[in-house]
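Colleague: Before I ask anything, let me first share the structure, which is written out below as structure tokens.
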Amino acid sequence: MGTILSLKNIVKIYPNGVVANKGINIDVEENTIHAIVGENGAGKSTLMKIIFGEETAEEGEIFYEGKKVRFKNSLEAIGRGIGMIHQHLMLAPTLTVAENMVLGTEPLKWGLFLDNKKILKMTEKACREFGFEVPLNKQVKDLPVGTRQRIEILKVLIRNAKLIILDEPTAVLTPQETGVLFRSLRDLQKRGKTIIFISHKLKEVKQIADRVTVIRDGKDIATKDADELEEHQIAELMVGREINFERMPLPEKIGEPYLSVKNLTYINEENLKKLNNISFEVHKGEIVGIAGVEGNGQTELVEILTGLRSATSGHIHVNNREITGLSPRQIRERKVAHIPEDRMENGVAERASIQENIIVDRYYKEPFSKHFSLNWKYIESYTGRLIKDFNILAQSGKTPITALSGGNIQKVVVARELSFDPELIIADQPTRGIDVGSEEMVHNLLKNARDKGIAVFLVSADLDEVLKISTRILVMYNGEIAAEFRNTKDITQEMLGPYMLGVKNQNKVTAEER
Amino acid sequence: MEKFIIKYFNLIRIIIAILIGVVISIFIIFIISKNPGLSLKSFFLGTLLSRGRFGSWIEMSSPIILCGLAIAIPFQAEQFNIGAEGALFIGAAVGTAFAVSTRMPAVLHIPSVLLVAGLTGAVWGFIPGFLKAKWKTDELVISLMMNYVAYFLGLYLINYYFRDKAAGYLVSYKLPETAWLTQFIPGTRIHFGVIIAFVFALLTYYFLYHTTTGYEIRTTGTNKNFAKFGGINVFMVIVLSQVIGGFLAGIGGMTEVMGLYRRFNWQMSPGYGWDGVVVAIIGQNNPLFIILAALFLSYLRTGGQILNLLSDIPSEMVIVIKSIIILLITAEAFLQRFKNRITIREAKMREVPDESDN
């Protein structure tokens with residue numbers, strides 16, 4: 001065994017001035033599973049893209065199999081036996097599994113037409129060789145995420161990759177699917193492959209990795225054998241300080257129901273039933289968390305609750321008044337705050353300044369404006385106060401959103417949504433892709449809101465988050481509420497899993513958990 | 001230095017684009033002109049050498065400013081309505097029809113004629129705007145086609161119902177004197193329409209950056225989903241931005257008729273609406289920059305006319321310059337490498353420790 005990949009003093013600066021890597025050194029041993037951990041924005045993905053030839057480093061050297069390399073594009077990297085599975089899977093949805101696997105290296109008849117027989121033979125052989133089972137003739141769009149990921153891995157293997165990079169492969173998987181993935185990775189290691197595994201989930205890292213490199217703020221902080229490190233030690237290295245993993249204490253007092261959803265059904269443009277007769281309540285002073293694999297109707301539910309989409313049937317009441325069919329502004333006027341799922345898509349206007357982003361739901365009210373005329377002086381000082389209160393790292397309210405990091409952008413969103421005295425907070429993936437420090441702050445803000453008697457409705461794909469802060473948990477599967485868990489203290493991820501996957505359903509089988 | 005360049009990069013980029021356009025045109029003139037000295041002088045200085053030409057520079061900027069604003073407001077809302085030319089033409093035609101068929105004192109006649117022209121233009125903005133907001137039709141295509149509708153409809157109206165048969169060519173009746181905009185600088189034809197254009201530019205600036213509706217327009221333009229999420233009525237903004245644009249273009253056409261010719265005499269579409277697109281792009285949709293861009297463009301246009309008269313270079317030279325500038329400004333990659341280098345250098349100084357530290 002020797003060193004297969006060696007990175008020396010890698011520096012990467014993006015055209016917008018963001019310094020993603022500030023001199024990183026890592027050695028990856030052959031035939032190991034090497035985890036690279038760090039918070040979001042620490043520079044992990046950038047580093048991987050540099051290895052894979054998708055980005056070029058401004059400084060530093062890469063040695064692969066003992067030779068200095070400088071890949072101009074990913075094709076060169078693939079040619080040398082490096083494969084990468086991106087965080088966002090890159091498959092052509094309307095092509096079959098087999099076609100996807102050979103895409104880019106497809107065998108041709110007379111140099112012009114696809115050789116379908118050969119394609120099938122190649123892909124079948126690969127499946128057999130590596131013990132992967134995938135439906136070769138099905139279109140990718142009909143397959144679940146876990147299977148798609150296996151296709152991506154096969155795609156890399158069929159190109160004879162020796163070094164396989166997986167960028168946060170578990171982010172989109174359920175606990176059960178993660179188990180399957182890890183078994184495959186172990187198996188590949190036995191066959192002599194080297195695997196680089198990116199993650200910020202510590203449990204997984206401990207479970208799968210032989211060696212661990214921690215990256216913080218664009219620098220490598222430590223590289224050690226996985227056995228030498230405890231979970232909390234890795235976490236502390238990642239963040240640079242101690243952090244609190246404990247679940248939040250449950251509220252002392254829960255009030256009246258504040259949000260009530262009755263028999264809500266939504267059928268989308270493609271005639272698919274995305275929400276099927278959903279009913280639930282959120283009381284004042286509690287946090288109700290929705291757990292579930294993404295795409296099971298959570299997005300539609302939140303958009304209907306906030307007026308961005310209209311329900312097909314059913315009723316929604318806030319504070320005993322019907323809000324079904326009201327516009328986003330009318331719902332906001334009923335003191336409903338909304339932290340959106342995708343902050344860049346809905347939460348902010350990127351090219352606008354912080355202050356222009358803060359006033360989007362209140363610019364038409366006094367003192368922000370009077371007789372159609374905006375009071376910029378007031379808006380500026382108001383924004384200045386929020387920047388201080390919410391600890392946003394920015395020079396002033398005039399700073400454009402583009403100049404902020406993900407965590408700070410989310411703070412702008414949270415600052416806006418929590419600063420108009422809401423009575424109900426709808427938080428959809430409120431900490432996705434932000435650093436642990438900002439995450440802790442958001443969690444505390446939601447807890448404080450809860451303790452003030454505000455009703456909080458949380459949707460998250462991160463089970464740790466749901467378990468940490470929820471008072472009550474609902475599991476959503478296929479547009480229905482598959483389970484409800486009242487006492488969140490004793491719930492584990494594994495107990496939620498079967499409901500998230502649709503294996504169990506409290507409505508259909510009497511479940512023992514209730 | 002780096003910080004300064006990053007901050008004003010956009011402005012620097014535009015100025016460089018203009019300079020390149022000018023340099024290339026000088027180069028071309030040198031190649032094709034038999035007397036390049038004279039040609040260059042008439043093109044670049046001719047405008048300043050006589051009072052009349054100076055006047056035509058200033059007066060020509062007026063419709064270009066108004067059309068620039070007419071394009072910029074929908075552009076700010078990310079609506080690519082390029083129907084200013086049609087709104088200007090039909091606005092002027094209907095305004096003329098109204099002016100010659102009514103009798104009022106000047107204090108009423110001038111504003112009501114302008115209003116009629118503006119409202120006609122507004123209708124021209126409303127149609128693509130409404131279709132876009134309601135059925136997501138492409139406002140670019142619709143407004144482009146509506147330009148032709150405006151052109152033929154306007155000609156039909158003037159040539160069949162308001163044609164002055166006493167005049168030797170195809171023009172409308174002369175407007176009654178109560179609907180004239182005074183030419184107030186002797187020796188030139190600079191008229192009150194110029195002042196109207198400047199005032200509207202300042203008003204538009206205030207409107208866009210200091211009123212709630214302007215904020216709604218700009219926010220919808222930067223991120224429509226975000227605007228909707230925040231409770232802004234995006235439907236209304238999409239329609240309104242194009243209605244206001246059409247209104248300004250209609251006025252732009254009418255001031256030209258009321259101040260300069262005093263009758264509708266266009267048999268060809270005058271092209272101010274297209275120049276509006278050019279100045280909106282050069283001026284980055286900012287009304288104050290649009291004034292400068294319009295003055296620059298009408299200077300070129302005047303220079304082009306002089307070139308046509310006094311030298312062996314055709315006035316199409318102006319189109320060459322215009323095209324080069326627009327090409328460079330709209331090409332996102334232009335100077336991007338230069339900016340990247342500067343940004344990286346600046347970031348390195350800021351964040352990467354010296355190698356000696358390692």
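By convention in this document, the chains of the structure tokens carry letters A, B, ... by their order, each chain's residues are numbered from 1, and ligands are numbered from 1 in the order they are shown.
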Counting only C-alpha atoms, what is within 12 Å of Lys206 in chain A, bar same-chain residues fewer than 5 positions away, as a ChimeraX atom specification?
Modeller: /A:33-37,182,197,199-201,211-213,224-235
Colleague: Print the selection's residues with C-alpha atoms to a file, as a CSV table (one decimal), in the first residue's frame.
Modeller:
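Written file, out.csv:
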chain,number,residue,atom,x,y,z
A,33,ILE,CA,-11.9,4.7,2.8
A,34,HIS,CA,-10.8,8.3,3.5
A,35,ALA,CA,-13.4,10.6,4.9
A,36,ILE,CA,-13.1,14.3,4.5
A,37,VAL,CA,-15.3,16.2,6.9
A,182,PHE,CA,-22.0,1.5,3.1
A,197,PHE,CA,-16.0,10.1,1.2
A,199,SER,CA,-19.6,14.2,4.8
A,200,HIS,CA,-20.5,16.3,7.6
A,201,LYS,CA,-22.4,13.6,9.4
A,211,ARG,CA,-8.9,7.7,8.0
A,212,VAL,CA,-10.4,11.1,8.6
A,213,THR,CA,-9.3,14.6,7.5
A,224,LYS,CA,-6.0,10.8,11.7
A,225,ASP,CA,-7.1,7.2,11.8
A,226,ALA,CA,-10.8,7.0,12.4
A,227,ASP,CA,-10.2,4.8,15.5
A,228,GLU,CA,-8.2,7.6,17.2
A,229,LEU,CA,-11.1,10.0,17.1
A,230,GLU,CA,-14.4,10.1,18.9
A,231,GLU,CA,-17.4,11.7,17.3
A,232,HIS,CA,-17.4,14.7,19.6
A,233,GLN,CA,-13.7,15.3,18.9
A,234,ILE,CA,-14.3,15.4,15.2
A,235,ALA,CA,-17.1,17.8,15.7
Colleague: Please identify all residues of chain B having at least one atom at most 6 Å from any atom of chain A, considering only C-alpha atoms, and return them as a ChimeraX atom specification.
Modeller: /B:210-212,222-223,225-226,230-231,340,343-344,347,352
Colleague: Could you write out the selected residues, including C-alpha atoms, as a PDB file, in the first residue's frame?
Modeller:
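Done, and the output landed in selection-v4.pdb:
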ATOM      1  CA  HIS B 210     -37.585  55.881  -3.797  1.00  0.00           C
ATOM      2  CA  THR B 211     -41.168  54.714  -4.094  1.00  0.00           C
ATOM      3  CA  THR B 212     -42.843  51.502  -3.019  1.00  0.00           C
ATOM      4  CA  THR B 222     -34.098  40.682  -9.267  1.00  0.00           C
ATOM      5  CA  ASN B 223     -36.071  37.603  -8.163  1.00  0.00           C
ATOM      6  CA  ASN B 225     -40.122  34.101  -6.768  1.00  0.00           C
ATOM      7  CA  PHE B 226     -38.782  36.114  -3.891  1.00  0.00           C
ATOM      8  CA  GLY B 230     -42.715  38.392   0.172  1.00  0.00           C
ATOM      9  CA  GLY B 231     -46.282  39.213  -0.812  1.00  0.00           C
ATOM     10  CA  ASN B 340     -11.314  37.688 -12.047  1.00  0.00           C
ATOM     11  CA  THR B 343     -10.581  39.839  -7.543  1.00  0.00           C
ATOM     12  CA  ILE B 344      -8.241  36.938  -6.967  1.00  0.00           C
ATOM     13  CA  ALA B 347      -8.658  38.079  -2.091  1.00  0.00           C
ATOM     14  CA  VAL B 352      -4.167  33.544   2.111  1.00  0.00           C
TER      15      VAL B 352
END
Colleague: Neighbours of range 246-260 of chain B within 9 Å (only C-alpha atoms; same-chain residues fewer than 5 positions away dropped), as a count of residues only?
Modeller: 59
Colleague: If you measure from CA of Ile158 in chain B to CA of Val171 in chain B, what distance in Å do you get, rounded to one decimal?
Modeller: 7.4 Å
Colleague: Just how far from CA of Glu65 in chain A is CA of Pro169 in chain A, in Å to one decimal?
Modeller: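 Value for the CA of Pro169 in chain A-CA of Glu65 in chain A distance: 25.0 Å.
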Colleague: Excluding Gln284 in chain B and any residue of its chain fewer than 2 positions from it, enumerate the residues within 12 Å of it, using only C-alpha atoms, and give them as a PyMOL selection string.
Modeller: chain B and resi 10-11+13-14+68-69+71-73+75-76+276-282+286-293+326+329-330
Colleague: Might you pull out every residue within 8 Å of Gly43 in chain A, with only C-alpha atoms counted and same-chain residues fewer than 4 positions away left off, and present them as a list in words?
Modeller: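 My reading of the contact set: Ala20, Asn21, Gly38, Leu47, Ile215, Arg216, Asp217 and Gly218 of chain A.
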Colleague: Go through range 191-339 of chain A and collect every residue that DSSP, computed from the backbone, puts in strand (DSSP E or B); the answer should be as a VMD selection string.
Modeller: chain A and resid 194 to 199 211 to 216 219 to 225 257 to 267 273 to 283 287 to 291 313 to 318 321 to 322 336 to 339
Colleague: Excluding Thr488 in chain A and residues on its chain fewer than 3 positions from it, collect all residues at most 8 Å away from it, counting only C-alpha atoms, and give them as a PyMOL selection string.
Modeller: chain A and resi 467+470-473+485+491
Colleague: For Gly289 in chain A, please output as a ChimeraX atom specification all residues within 12 Å (counting only C-alpha atoms; exclusion window: fewer than 2 positions along the same chain).
Modeller: /A:280-282,286-287,291-292,298,425-430,446,455-476,481,483-486,488
Colleague: Just asking: which residues within range 239-364 of chain A are alpha helix (DSSP H) according to DSSP, as a ChimeraX atom specification?
Modeller: /A:239,298-305,328-333,354-358
Colleague: Take the residues from that selection and put them in a file with C-alpha atoms, as an mmCIF file, in the first residue's frame.
Modeller:
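Output file again-v7.cif follows:
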data_model
loop_
_atom_site.group_PDB
_atom_site.id
_atom_site.type_symbol
_atom_site.label_atom_id
_atom_site.label_comp_id
_atom_site.auth_asym_id
_atom_site.auth_seq_id
_atom_site.Cartn_x
_atom_site.Cartn_y
_atom_site.Cartn_z
ATOM 1 C CA VAL A 239 -16.253 23.819 14.409
ATOM 2 C CA GLN A 298 -43.553 18.593 2.182
ATOM 3 C CA THR A 299 -42.759 21.329 -0.322
ATOM 4 C CA GLU A 300 -46.340 21.469 -1.585
ATOM 5 C CA LEU A 301 -47.714 21.492 1.960
ATOM 6 C CA VAL A 302 -45.571 24.453 2.982
ATOM 7 C CA GLU A 303 -46.368 26.375 -0.199
ATOM 8 C CA ILE A 304 -50.080 25.875 0.370
ATOM 9 C CA LEU A 305 -49.837 26.968 3.999
ATOM 10 C CA PRO A 328 -49.105 35.415 0.502
ATOM 11 C CA ARG A 329 -49.465 38.980 1.718
ATOM 12 C CA GLN A 330 -52.818 38.361 3.375
ATOM 13 C CA ILE A 331 -51.390 35.317 5.140
ATOM 14 C CA ARG A 332 -48.339 37.266 6.277
ATOM 15 C CA GLU A 333 -50.672 39.911 7.682
ATOM 16 C CA ILE A 354 -29.613 43.313 2.661
ATOM 17 C CA GLN A 355 -31.997 46.161 3.441
ATOM 18 C CA GLU A 356 -33.966 45.603 0.254
ATOM 19 C CA ASN A 357 -34.256 41.977 1.269
ATOM 20 C CA ILE A 358 -35.354 42.783 4.793
#
